[in-house]
$ cat upload-v2.cif   # mmCIF, C-alpha atoms
data_structure
loop_
_atom_site.label_atom_id
_atom_site.label_comp_id
_atom_site.auth_asym_id
_atom_site.auth_seq_id
_atom_site.Cartn_x
_atom_site.Cartn_y
_atom_site.Cartn_z
CA MET A 26 2.14 30.17 40.62
CA LYS A 27 4.17 27.12 39.72
CA GLY A 28 1.91 24.95 41.85
CA LYS A 29 -1.19 26.33 40.19
CA PHE A 30 0.22 25.55 36.77
CA LEU A 31 1.21 22.04 37.81
CA GLY A 32 -2.28 21.52 39.19
CA PHE A 33 -3.79 22.70 35.95
CA ALA A 34 -1.50 20.48 33.90
CA LEU A 35 -2.30 17.48 36.07
CA GLY A 36 -6.02 18.21 35.86
CA LEU A 37 -5.81 18.51 32.11
CA ALA A 38 -3.83 15.30 31.80
CA LEU A 39 -6.37 13.54 34.00
CA ALA A 40 -9.28 14.92 31.97
CA VAL A 41 -7.66 13.79 28.73
CA PHE A 42 -6.91 10.38 30.19
CA MET A 43 -10.44 9.96 31.51
CA ALA A 44 -12.00 11.07 28.25
CA THR A 45 -9.85 8.61 26.32
CA TYR A 46 -10.76 5.84 28.70
CA ALA A 47 -14.48 6.59 28.51
CA PHE A 48 -14.61 6.62 24.74
CA ALA A 49 -12.14 3.97 23.73
CA HIS A 50 -14.37 1.14 24.96
CA THR A 51 -17.96 2.10 24.38
CA PRO A 52 -19.93 -1.15 24.55
CA LEU A 53 -22.35 -1.76 21.69
CA CYS A 54 -25.06 -4.37 21.37
CA SER A 55 -27.85 -5.04 18.90
CA CYS A 56 -30.46 -7.80 18.88
CA TYR A 57 -32.86 -9.14 16.29
CA ASP A 58 -35.71 -11.61 16.21
CA ASN A 59 -34.81 -14.60 14.01
CA GLY A 60 -38.50 -15.22 13.36
CA ASP A 61 -38.26 -18.81 14.64
CA GLY A 62 -38.84 -18.12 18.34
CA THR A 63 -35.22 -17.19 18.97
CA ILE A 64 -33.37 -13.92 19.46
CA THR A 65 -29.77 -13.27 18.42
CA CYS A 66 -27.75 -10.48 19.98
CA GLU A 67 -24.40 -9.35 18.64
CA GLY A 68 -22.03 -7.15 20.53
CA GLY A 69 -18.71 -5.45 20.41
CA PHE A 70 -16.84 -2.30 21.33
CA SER A 71 -16.37 0.97 19.50
CA ASP A 72 -12.65 0.24 19.09
CA GLY A 73 -13.46 -3.00 17.28
CA SER A 74 -12.38 -5.33 20.08
CA SER A 75 -14.18 -8.63 20.57
CA ALA A 76 -17.08 -9.14 22.97
CA ALA A 77 -16.44 -12.91 23.30
CA GLY A 78 -17.16 -14.02 26.85
CA VAL A 79 -19.19 -10.96 27.84
CA VAL A 80 -22.04 -11.87 30.20
CA MET A 81 -25.51 -11.69 28.63
CA ARG A 82 -28.71 -11.60 30.64
CA ALA A 83 -32.41 -11.28 29.96
CA VAL A 84 -34.52 -9.90 32.79
CA ASP A 85 -38.30 -9.68 33.15
CA SER A 86 -40.24 -6.53 34.09
CA SER A 87 -39.44 -7.02 37.79
CA GLY A 88 -35.71 -7.27 37.07
CA LYS A 89 -35.56 -11.01 37.70
CA VAL A 90 -32.94 -12.80 35.62
CA ILE A 91 -34.67 -15.26 33.31
CA ILE A 92 -31.81 -16.11 30.95
CA GLU A 93 -28.08 -15.93 31.47
CA GLY A 94 -25.19 -16.81 29.20
CA LYS A 95 -22.10 -15.49 27.45
CA MET A 96 -21.21 -14.07 24.05
CA ASN A 97 -19.63 -16.79 21.90
CA GLU A 98 -16.34 -16.43 20.01
CA ASP A 99 -18.16 -14.56 17.20
CA SER A 100 -19.51 -12.08 19.80
CA GLU A 101 -23.02 -13.47 19.35
CA PHE A 102 -25.58 -14.87 21.79
CA THR A 103 -28.74 -16.68 20.70
CA PHE A 104 -31.53 -17.54 23.11
CA LYS A 105 -35.21 -18.57 23.18
CA LYS A 106 -37.53 -15.56 23.09
CA PRO A 107 -38.93 -15.13 26.62
CA GLY A 108 -42.38 -13.65 25.81
CA ASP A 109 -42.65 -9.92 25.10
CA ASP A 110 -41.84 -8.05 28.29
CA TYR A 111 -38.13 -8.46 28.81
CA THR A 112 -34.86 -6.55 28.59
CA VAL A 113 -31.53 -7.87 27.33
CA ILE A 114 -28.42 -6.74 29.20
CA PHE A 115 -24.96 -6.89 27.65
CA ASP A 116 -22.83 -6.71 30.79
CA ALA A 117 -19.17 -5.93 30.19
CA GLY A 118 -18.63 -4.64 33.74
CA PRO A 119 -19.40 -1.44 35.65
CA GLY A 120 -20.17 1.44 33.30
CA HIS A 121 -19.97 -0.93 30.34
CA ALA A 122 -23.49 -2.32 30.17
CA VAL A 123 -26.00 -1.94 27.36
CA GLU A 124 -29.72 -2.56 27.86
CA VAL A 125 -31.90 -3.50 24.90
CA PRO A 126 -35.67 -3.53 25.60
CA GLY A 127 -37.49 -6.53 24.09
CA SER A 128 -39.98 -4.17 22.47
CA GLU A 129 -37.18 -2.82 20.26
CA ILE A 130 -36.11 -6.27 19.08
CA THR A 131 -37.68 -6.91 15.70
CA GLU A 132 -37.04 -9.01 12.60
CA MET B 14 -11.01 36.21 -43.02
CA LYS B 15 -8.09 34.53 -41.27
CA LYS B 16 -9.01 36.33 -38.10
CA LEU B 17 -12.63 35.14 -38.37
CA MET B 18 -11.43 31.57 -38.93
CA PHE B 19 -9.30 31.86 -35.82
CA ILE B 20 -12.27 33.01 -33.75
CA VAL B 21 -14.51 30.23 -35.12
CA VAL B 22 -11.91 27.57 -34.35
CA GLY B 23 -11.30 29.11 -30.96
CA LEU B 24 -15.01 29.03 -30.14
CA ALA B 25 -15.30 25.43 -31.36
CA VAL B 26 -12.43 24.37 -29.11
CA LEU B 27 -13.97 26.23 -26.21
CA SER B 28 -17.39 24.64 -26.70
CA LEU B 29 -15.81 21.19 -26.93
CA SER B 30 -13.95 21.72 -23.71
CA ILE B 31 -17.06 22.64 -21.73
CA PRO B 32 -18.60 19.15 -21.39
CA ALA B 33 -15.35 17.71 -20.06
CA TYR B 34 -16.62 17.35 -16.49
CA ALA B 35 -15.59 14.23 -14.68
CA HIS B 36 -17.47 11.00 -15.15
CA PHE B 37 -18.43 9.38 -11.88
CA GLN B 38 -19.76 5.95 -11.12
CA MET B 39 -22.26 6.54 -8.33
CA LEU B 40 -22.93 3.79 -5.80
CA TYR B 41 -25.43 5.78 -3.81
CA THR B 42 -27.61 4.98 -0.82
CA PRO B 43 -29.17 7.70 1.35
CA GLU B 44 -27.52 6.72 4.65
CA ILE B 45 -24.19 4.97 5.32
CA ALA B 46 -23.99 5.33 9.12
CA LEU B 47 -26.92 3.16 10.18
CA GLU B 48 -28.19 2.84 13.73
CA LYS B 49 -29.51 -0.68 13.10
CA GLY B 50 -29.49 -3.18 10.27
CA GLY B 51 -32.17 -3.04 7.58
CA THR B 52 -32.65 -2.73 3.85
CA VAL B 53 -30.07 -0.64 2.03
CA ASP B 54 -31.29 0.69 -1.31
CA PHE B 55 -28.63 1.52 -3.89
CA LYS B 56 -28.88 3.64 -7.03
CA ILE B 57 -25.97 2.91 -9.35
CA VAL B 58 -25.63 5.66 -11.93
CA TRP B 59 -22.90 6.64 -14.41
CA THR B 60 -23.04 10.40 -14.48
CA HIS B 61 -21.55 13.82 -13.71
CA PRO B 62 -22.77 14.45 -10.18
CA PHE B 63 -22.01 18.17 -9.89
CA ALA B 64 -23.22 19.57 -13.22
CA ASP B 65 -25.57 16.71 -14.26
CA GLU B 66 -25.21 17.71 -17.88
CA HIS B 67 -25.17 14.15 -19.23
CA THR B 68 -26.11 10.70 -17.88
CA MET B 69 -24.22 7.88 -19.57
CA GLU B 70 -25.55 4.50 -20.63
CA MET B 71 -24.21 1.74 -18.39
CA THR B 72 -23.19 -1.62 -19.82
CA THR B 73 -23.74 -4.95 -18.02
CA PRO B 74 -21.96 -4.85 -14.64
CA LYS B 75 -19.07 -7.23 -14.03
CA ALA B 76 -19.34 -7.63 -10.26
CA PHE B 77 -21.22 -6.43 -7.19
CA TYR B 78 -20.54 -7.80 -3.73
CA VAL B 79 -20.07 -6.81 -0.10
CA LEU B 80 -17.28 -7.63 2.35
CA SER B 81 -18.62 -7.47 5.91
CA GLN B 82 -16.73 -7.51 9.19
CA ARG B 83 -17.75 -6.83 12.77
CA GLY B 84 -14.85 -5.90 15.04
CA GLU B 85 -12.12 -8.49 14.80
CA GLY B 86 -14.47 -11.15 13.42
CA LYS B 87 -14.12 -13.02 10.14
CA VAL B 88 -14.61 -11.08 6.90
CA LYS B 89 -17.70 -12.41 5.10
CA LYS B 90 -18.19 -11.98 1.35
CA THR B 91 -21.71 -11.89 -0.07
CA ASP B 92 -22.28 -11.83 -3.82
CA LEU B 93 -24.93 -9.29 -4.80
CA LYS B 94 -24.80 -9.41 -8.60
CA GLY B 95 -28.18 -11.14 -8.70
CA LYS B 96 -29.73 -8.18 -6.83
CA LEU B 97 -28.97 -5.70 -9.63
CA LYS B 98 -31.97 -4.49 -11.60
CA PRO B 99 -31.77 -2.20 -14.63
CA ILE B 100 -33.51 1.16 -14.29
CA THR B 101 -33.71 4.35 -16.34
CA TRP B 102 -32.08 7.28 -14.59
CA THR B 103 -33.24 10.76 -15.53
CA GLY B 104 -30.84 13.67 -15.35
CA LYS B 105 -31.20 17.26 -16.43
CA ALA B 106 -30.19 16.62 -20.06
CA ASN B 107 -31.20 13.04 -20.78
CA ALA B 108 -32.11 9.61 -19.42
CA ALA B 109 -29.92 6.51 -19.56
CA ARG B 110 -29.64 2.97 -18.29
CA ALA B 111 -28.55 2.62 -14.67
CA TYR B 112 -29.02 -0.02 -11.97
CA GLU B 113 -30.55 -0.35 -8.54
CA ALA B 114 -30.28 -2.95 -5.80
CA SER B 115 -32.00 -3.59 -2.48
CA VAL B 116 -29.68 -5.30 -0.04
CA LYS B 117 -30.51 -6.56 3.46
CA VAL B 118 -27.78 -5.64 5.91
CA ARG B 119 -28.21 -7.00 9.41
CA SER B 120 -24.95 -7.44 11.23
CA MET B 121 -23.27 -4.60 13.11
CA GLY B 122 -19.90 -3.51 11.75
CA ASP B 123 -18.57 -2.44 8.36
CA HIS B 124 -19.98 -3.47 5.02
CA VAL B 125 -17.64 -2.63 2.12
CA PHE B 126 -19.75 -2.61 -1.05
CA CYS B 127 -17.72 -3.12 -4.23
CA PHE B 128 -19.08 -2.47 -7.71
CA VAL B 129 -17.24 -3.26 -10.95
CA PRO B 130 -19.08 -1.88 -13.99
CA GLY B 131 -18.74 -3.14 -17.53
CA PRO B 132 -16.38 -1.16 -19.80
CA TYR B 133 -17.82 2.03 -21.31
CA TYR B 134 -16.60 3.48 -24.60
CA ASP B 135 -16.10 7.24 -24.44
CA LYS B 136 -16.36 8.66 -27.96
CA HIS B 137 -14.79 12.03 -27.03
CA GLU B 138 -11.72 10.45 -25.49
CA GLU B 139 -11.69 7.51 -27.93
CA ALA B 140 -10.97 5.23 -25.01
CA TRP B 141 -12.67 2.67 -22.80
CA MET B 142 -13.48 3.61 -19.23
CA GLN B 143 -14.29 1.63 -16.11
CA GLN B 144 -14.71 3.00 -12.61
CA ILE B 145 -14.27 0.40 -9.89
CA THR B 146 -16.29 1.81 -7.00
CA LYS B 147 -16.56 1.36 -3.24
CA THR B 148 -19.18 2.64 -0.78
CA ILE B 149 -18.75 1.67 2.86
CA VAL B 150 -21.78 1.27 5.14
CA ASN B 151 -21.51 0.92 8.92
CA VAL B 152 -24.12 -0.49 11.28
CA GLY B 153 -24.21 0.39 14.97
CA GLY B 154 -20.78 2.04 15.25
CA ILE B 155 -18.67 -1.10 15.59
CA PRO B 156 -15.74 -0.77 13.18
CA GLY B 157 -14.56 -3.57 10.92
CA ASN B 158 -12.71 -3.74 7.61
CA TRP B 159 -13.22 -0.11 6.48
CA ALA B 160 -9.44 0.49 6.26
CA GLU B 161 -8.59 -2.86 4.67
CA PRO B 162 -8.03 -3.24 0.93
CA ALA B 163 -10.95 -5.10 -0.67
CA GLY B 164 -8.53 -6.80 -3.07
CA LEU B 165 -9.84 -5.02 -6.18
CA GLU B 166 -7.45 -4.58 -9.11
CA THR B 167 -7.48 -0.90 -8.29
CA GLU B 168 -9.09 0.86 -5.33
CA ILE B 169 -8.94 3.73 -2.88
CA VAL B 170 -8.40 2.56 0.69
CA PRO B 171 -9.65 5.15 3.21
CA LEU B 172 -7.50 6.40 6.07
CA ASP B 173 -10.56 8.05 7.68
CA LYS B 174 -13.93 6.34 8.14
CA PRO B 175 -15.90 7.42 5.06
CA TYR B 176 -19.19 7.13 7.01
CA ALA B 177 -18.11 9.12 10.09
CA LEU B 178 -17.06 12.54 8.82
CA TRP B 179 -18.20 15.91 10.06
CA THR B 180 -18.31 18.84 7.70
CA GLY B 181 -14.86 20.43 7.80
CA ASN B 182 -13.05 17.15 8.51
CA VAL B 183 -10.25 16.01 6.28
CA PHE B 184 -10.73 12.83 4.28
CA ARG B 185 -7.59 10.88 3.46
CA GLY B 186 -7.06 7.83 1.30
CA VAL B 187 -4.43 5.71 -0.43
CA VAL B 188 -4.70 4.82 -4.10
CA LEU B 189 -3.79 1.21 -4.84
CA SER B 190 -3.25 -0.67 -8.09
CA GLU B 191 -2.82 -4.43 -7.71
CA GLY B 192 -2.39 -3.80 -3.99
CA LYS B 193 0.49 -1.30 -4.36
CA PRO B 194 0.30 2.48 -3.78
CA VAL B 195 0.19 4.62 -6.94
CA PRO B 196 2.48 7.64 -6.46
CA ASN B 197 1.58 11.11 -7.74
CA CYS B 198 -1.64 10.10 -9.50
CA ASP B 199 -4.46 12.51 -10.34
CA ILE B 200 -7.65 12.31 -8.31
CA GLU B 201 -10.84 14.02 -9.38
CA VAL B 202 -13.25 15.13 -6.67
CA GLU B 203 -16.91 15.92 -7.23
CA TYR B 204 -19.89 16.73 -5.05
CA ILE B 205 -23.41 15.37 -5.60
CA ASN B 206 -24.97 18.75 -6.20
CA HIS B 207 -28.66 17.75 -6.34
CA ASP B 208 -31.32 16.01 -4.32
CA ILE B 209 -31.62 12.39 -5.30
CA LEU B 210 -35.20 11.35 -5.95
CA MET B 211 -35.10 7.68 -4.96
CA ASP B 212 -38.72 6.96 -6.07
CA LYS B 213 -38.36 8.70 -9.42
CA ASN B 214 -34.85 7.45 -10.29
CA ALA B 215 -33.83 11.01 -11.01
CA PHE B 216 -31.76 13.96 -9.91
CA ALA B 217 -33.75 17.00 -8.79
CA ARG B 218 -33.37 19.80 -11.32
CA SER B 219 -32.08 22.43 -8.93
CA ASN B 220 -28.45 22.62 -7.82
CA TYR B 221 -27.37 23.13 -4.21
CA PHE B 222 -24.36 25.22 -5.25
CA GLU B 223 -23.03 27.11 -8.24
CA ALA B 224 -19.35 26.85 -9.19
CA PRO B 225 -17.63 30.19 -9.83
CA GLN B 226 -15.47 28.60 -12.52
CA ASP B 227 -14.90 25.22 -14.18
CA ALA B 228 -12.01 24.21 -11.93
CA PHE B 229 -14.49 24.06 -9.02
CA VAL B 230 -16.91 21.66 -10.75
CA THR B 231 -14.41 18.81 -10.89
CA MET B 232 -11.59 19.49 -8.46
CA THR B 233 -8.36 17.76 -9.36
CA ILE B 234 -5.97 16.92 -6.57
CA LYS B 235 -2.74 14.92 -6.51
CA ALA B 236 -1.63 11.93 -4.52
CA ASN B 237 1.79 12.24 -2.89
CA ALA B 238 4.80 9.98 -3.49
CA ASN B 239 3.16 7.31 -1.30
CA GLY B 240 -0.13 7.36 -3.22
CA GLU B 241 -1.88 9.18 -0.36
CA PHE B 242 -4.18 12.15 -0.70
CA SER B 243 -6.22 14.35 1.61
CA PHE B 244 -9.22 16.59 1.06
CA GLY B 245 -10.88 19.07 3.44
CA ILE B 246 -14.67 18.70 3.25
CA PRO B 247 -16.31 22.12 2.88
CA VAL B 248 -20.01 21.13 3.04
CA ALA B 249 -22.17 18.23 4.17
CA GLY B 250 -23.30 15.65 1.66
CA TRP B 251 -21.77 13.19 -0.75
CA TRP B 252 -18.29 13.53 -2.18
CA GLY B 253 -16.78 11.20 -4.77
CA PHE B 254 -13.06 10.60 -5.37
CA ALA B 255 -11.83 9.08 -8.64
CA ALA B 256 -8.16 8.18 -9.09
CA LEU B 257 -7.68 8.35 -12.84
CA GLY B 258 -6.30 5.62 -15.07
CA VAL B 259 -4.67 3.78 -12.17
CA GLY B 260 -5.86 0.26 -13.04
CA PRO B 261 -3.35 -2.28 -14.37
CA GLU B 262 -5.33 -2.94 -17.57
CA LYS B 263 -4.35 -0.39 -20.25
CA GLU B 264 -5.92 -1.83 -23.42
CA HIS B 265 -9.32 -3.23 -24.36
CA LYS B 266 -10.37 -4.41 -27.85
CA GLY B 267 -7.24 -2.83 -29.33
CA GLU B 268 -7.95 0.61 -27.86
CA LYS B 269 -6.92 2.61 -24.83
CA PHE B 270 -8.49 1.49 -21.55
CA ASN B 271 -8.63 3.53 -18.34
CA ALA B 272 -9.67 1.91 -15.08
CA ASP B 273 -10.30 4.43 -12.31
CA ALA B 274 -10.66 3.75 -8.59
CA VAL B 275 -13.65 5.48 -6.97
CA ILE B 276 -14.74 5.89 -3.36
CA TRP B 277 -17.70 7.77 -1.90
CA ILE B 278 -17.89 9.54 1.43
CA LYS B 279 -20.71 11.31 3.25
CA ALA B 280 -20.15 14.25 5.57
CA VAL B 281 -22.72 15.53 8.07
CA ASP B 282 -23.09 18.89 9.81
CA MET B 283 -22.52 19.16 13.56
CA LYS B 284 -25.82 20.20 15.09
#
$ encode --input "upload-v2.cif" --output "structure tokens"
Amino acid sequence: MKGKFLGFALGLALAVFMATYAFAHTPLCSCYDNGDGTITCEGGFSDGSSAAGVVMRAVDSSGKVIIEGKMNEDSEFTFKKPGDDYTVIFDAGPGHAVEVPGSEITE
Amino acid sequence: MKKLMFIVVGLAVLSLSIPAYAHFQMLYTPEIALEKGGTVDFKIVWTHPFADEHTMEMTTPKAFYVLSQRGEGKVKKTDLKGKLKPITWTGKANAARAYEASVKVRSMGDHVFCFVPGPYYDKHEEAWMQQITKTIVNVGGIPGNWAEPAGLETEIVPLDKPYALWTGNVFRGVVLSEGKPVPNCDIEVEYINHDILMDKNAFARSNYFEAPQDAFVTMTIKANANGEFSFGIPVAGWWGFAALGVGPEKEHKGEKFNADAVIWIKAVDMK
């Protein structure tokens, strides 16, 4: 009986811990077309922490990396627009990536 | 005869007390939790949002600007006074001068919109009024300066994100005057009780809810000794909070002057 309760308490604690972990650092990224042949992406986390240094990639339809860089100190990344069929990836590590399809990037 | 006189006077007092609903400076835009940046359209109206029994004539605004911050980034101030355009707002009883503004908001994060109206002379109260108003818009869910004082002479600083409230949540705030908490002040709370017709610059005629008694039209709550207040949100929609007479300025043109601090919140239903 005591063991069961301990197991339950541990499970609950783990669940709470995992839930906190999963939600405290949701990565967020948004991109817009500057209208001058460049795209600017800005990123961050749901807890307000900076995205400076986060790896940014643009891949073509086959998944090939065509642009790679990092978020600057203002959590922004500007790059030359690579045609129409591309996807931007904000890569803050496993489980912390955001994909933005080029088709959704507008002025 | 004396008795009749008493009744007449009593009725007169009663009828005078009826239009004493709270004045509210609206700084309204349909959505404050935006998925992406875009154009944010404001309607800036000086009215009684629950009963809509009288729309008041606005004077020339003193200031309108936005303080924007994404995450821990720098706070950026953008002056928006030039974006204000006079409009005529139509309520149930009358029409009066109000303002509108279309503002482009692009960056993710918080955008704290601050509006300082010109002083308004209230004939009933024989006093000047000014409601310094904040509406906070968020883009993309990244927090910023929502809980920071904007540096207004008087303001309500939220303790809960005003754009991320479910129906039934509690909204808390701190009333500040010259940056310091105002203990035990009165705060009036009102609900926008009508559809807002953005294209027609008008309130819809029908009410969402009926109040059982006057005390429910304008709810008055109190701040505690630390200037903090809390309010449980009973239904989705827009709620305004006005801390009364908390501004440092007490006189204007030789008469009484009341500066109130106003903040707007929007609650949404869980579906």
$ atom_distance --input "upload-v2.cif" --atom1 "CA of Leu172 in chain B" --atom2 "CA of Lys90 in chain B"
21.8 Å
$ atom_distance --input "upload-v2.cif" --atom1 "CA of Gly181 in chain B" --atom2 "CA of Thr60 in chain B"
25.8 Å
$ closest_residue --input "upload-v2.cif" --among "B:Pro171, B:Pro247, B:Gly51, B:Gly258" --to "chain A" --atoms "only C-alpha atoms"
B:Gly51
$ resolve_selection --input "upload-v2.cif" --expression "the PyMOL selection byres ((chain A) within 12 of (chain B))" --output "PDB file with C-alpha atoms, keeping the file's coordinate frame"
ATOM      1  CA  ALA A  49     -12.140   3.970  23.730  1.00  0.00           C
ATOM      2  CA  HIS A  50     -14.370   1.140  24.960  1.00  0.00           C
ATOM      3  CA  THR A  51     -17.960   2.100  24.380  1.00  0.00           C
ATOM      4  CA  PRO A  52     -19.930  -1.150  24.550  1.00  0.00           C
ATOM      5  CA  LEU A  53     -22.350  -1.760  21.690  1.00  0.00           C
ATOM      6  CA  CYS A  54     -25.060  -4.370  21.370  1.00  0.00           C
ATOM      7  CA  SER A  55     -27.850  -5.040  18.900  1.00  0.00           C
ATOM      8  CA  CYS A  56     -30.460  -7.800  18.880  1.00  0.00           C
ATOM      9  CA  TYR A  57     -32.860  -9.140  16.290  1.00  0.00           C
ATOM     10  CA  ASP A  58     -35.710 -11.610  16.210  1.00  0.00           C
ATOM     11  CA  ASN A  59     -34.810 -14.600  14.010  1.00  0.00           C
ATOM     12  CA  THR A  65     -29.770 -13.270  18.420  1.00  0.00           C
ATOM     13  CA  CYS A  66     -27.750 -10.480  19.980  1.00  0.00           C
ATOM     14  CA  GLU A  67     -24.400  -9.350  18.640  1.00  0.00           C
ATOM     15  CA  GLY A  68     -22.030  -7.150  20.530  1.00  0.00           C
ATOM     16  CA  GLY A  69     -18.710  -5.450  20.410  1.00  0.00           C
ATOM     17  CA  PHE A  70     -16.840  -2.300  21.330  1.00  0.00           C
ATOM     18  CA  SER A  71     -16.370   0.970  19.500  1.00  0.00           C
ATOM     19  CA  ASP A  72     -12.650   0.240  19.090  1.00  0.00           C
ATOM     20  CA  GLY A  73     -13.460  -3.000  17.280  1.00  0.00           C
ATOM     21  CA  SER A  74     -12.380  -5.330  20.080  1.00  0.00           C
ATOM     22  CA  SER A  75     -14.180  -8.630  20.570  1.00  0.00           C
ATOM     23  CA  ALA A  76     -17.080  -9.140  22.970  1.00  0.00           C
ATOM     24  CA  ALA A  77     -16.440 -12.910  23.300  1.00  0.00           C
ATOM     25  CA  ASN A  97     -19.630 -16.790  21.900  1.00  0.00           C
ATOM     26  CA  GLU A  98     -16.340 -16.430  20.010  1.00  0.00           C
ATOM     27  CA  ASP A  99     -18.160 -14.560  17.200  1.00  0.00           C
ATOM     28  CA  SER A 100     -19.510 -12.080  19.800  1.00  0.00           C
ATOM     29  CA  GLU A 101     -23.020 -13.470  19.350  1.00  0.00           C
ATOM     30  CA  GLU A 129     -37.180  -2.820  20.260  1.00  0.00           C
ATOM     31  CA  ILE A 130     -36.110  -6.270  19.080  1.00  0.00           C
ATOM     32  CA  THR A 131     -37.680  -6.910  15.700  1.00  0.00           C
ATOM     33  CA  GLU A 132     -37.040  -9.010  12.600  1.00  0.00           C
TER      34      GLU A 132
END
$ resolve_selection --input "upload-v2.cif" --expression "the PyMOL selection byres ((chain A and resi 109) around 7)" --output "PyMOL selection string"
chain A and resi 107-108+110-111+127-128
$ decode --input "upload-v2.cif" --residues "range 216-228 of chain B" --atoms "N, CA, C and O atoms" --output "PDB file, in the first residue's frame"
ATOM      1  N   PHE B 216     -22.009  51.402 -31.466  1.00  0.00           N
ATOM      2  CA  PHE B 216     -22.383  50.238 -30.661  1.00  0.00           C
ATOM      3  C   PHE B 216     -23.640  49.640 -31.281  1.00  0.00           C
ATOM      4  O   PHE B 216     -24.522  50.392 -31.731  1.00  0.00           O
ATOM      5  N   ALA B 217     -23.765  48.309 -31.263  1.00  0.00           N
ATOM      6  CA  ALA B 217     -25.039  47.699 -31.636  1.00  0.00           C
ATOM      7  C   ALA B 217     -26.053  48.073 -30.559  1.00  0.00           C
ATOM      8  O   ALA B 217     -25.680  48.309 -29.408  1.00  0.00           O
ATOM      9  N   ARG B 218     -27.325  48.157 -30.959  1.00  0.00           N
ATOM     10  CA  ARG B 218     -28.345  48.607 -30.010  1.00  0.00           C
ATOM     11  C   ARG B 218     -28.640  47.595 -28.898  1.00  0.00           C
ATOM     12  O   ARG B 218     -29.005  47.950 -27.793  1.00  0.00           O
ATOM     13  N   SER B 219     -28.508  46.319 -29.223  1.00  0.00           N
ATOM     14  CA  SER B 219     -28.904  45.321 -28.221  1.00  0.00           C
ATOM     15  C   SER B 219     -27.789  45.074 -27.206  1.00  0.00           C
ATOM     16  O   SER B 219     -26.602  45.171 -27.531  1.00  0.00           O
ATOM     17  N   ASN B 220     -28.200  44.763 -25.994  1.00  0.00           N
ATOM     18  CA  ASN B 220     -27.256  44.448 -24.915  1.00  0.00           C
ATOM     19  C   ASN B 220     -27.013  42.944 -24.882  1.00  0.00           C
ATOM     20  O   ASN B 220     -27.904  42.171 -25.214  1.00  0.00           O
ATOM     21  N   TYR B 221     -25.832  42.531 -24.432  1.00  0.00           N
ATOM     22  CA  TYR B 221     -25.604  41.102 -24.193  1.00  0.00           C
ATOM     23  C   TYR B 221     -26.314  40.670 -22.907  1.00  0.00           C
ATOM     24  O   TYR B 221     -26.868  39.601 -22.819  1.00  0.00           O
ATOM     25  N   PHE B 222     -26.206  41.536 -21.887  1.00  0.00           N
ATOM     26  CA  PHE B 222     -26.715  41.177 -20.551  1.00  0.00           C
ATOM     27  C   PHE B 222     -27.520  42.319 -19.946  1.00  0.00           C
ATOM     28  O   PHE B 222     -27.306  43.475 -20.299  1.00  0.00           O
ATOM     29  N   GLU B 223     -28.421  41.963 -19.042  1.00  0.00           N
ATOM     30  CA  GLU B 223     -29.159  42.965 -18.289  1.00  0.00           C
ATOM     31  C   GLU B 223     -28.684  42.910 -16.838  1.00  0.00           C
ATOM     32  O   GLU B 223     -28.508  41.826 -16.285  1.00  0.00           O
ATOM     33  N   ALA B 224     -28.486  44.073 -16.234  1.00  0.00           N
ATOM     34  CA  ALA B 224     -28.068  44.115 -14.828  1.00  0.00           C
ATOM     35  C   ALA B 224     -29.319  44.071 -13.938  1.00  0.00           C
ATOM     36  O   ALA B 224     -30.284  44.762 -14.217  1.00  0.00           O
ATOM     37  N   PRO B 225     -29.291  43.256 -12.886  1.00  0.00           N
ATOM     38  CA  PRO B 225     -30.461  43.179 -12.007  1.00  0.00           C
ATOM     39  C   PRO B 225     -30.668  44.444 -11.179  1.00  0.00           C
ATOM     40  O   PRO B 225     -31.758  44.707 -10.684  1.00  0.00           O
ATOM     41  N   GLN B 226     -29.597  45.230 -11.058  1.00  0.00           N
ATOM     42  CA  GLN B 226     -29.648  46.415 -10.193  1.00  0.00           C
ATOM     43  C   GLN B 226     -28.444  47.274 -10.539  1.00  0.00           C
ATOM     44  O   GLN B 226     -27.472  46.789 -11.139  1.00  0.00           O
ATOM     45  N   ASP B 227     -28.507  48.563 -10.197  1.00  0.00           N
ATOM     46  CA  ASP B 227     -27.471  49.511 -10.588  1.00  0.00           C
ATOM     47  C   ASP B 227     -26.042  49.137 -10.183  1.00  0.00           C
ATOM     48  O   ASP B 227     -25.095  49.436 -10.896  1.00  0.00           O
ATOM     49  N   ALA B 228     -25.914  48.496  -9.020  1.00  0.00           N
ATOM     50  CA  ALA B 228     -24.574  48.171  -8.522  1.00  0.00           C
ATOM     51  C   ALA B 228     -23.850  47.165  -9.423  1.00  0.00           C
ATOM     52  O   ALA B 228     -22.638  46.983  -9.308  1.00  0.00           O
TER      53      ALA B 228
END
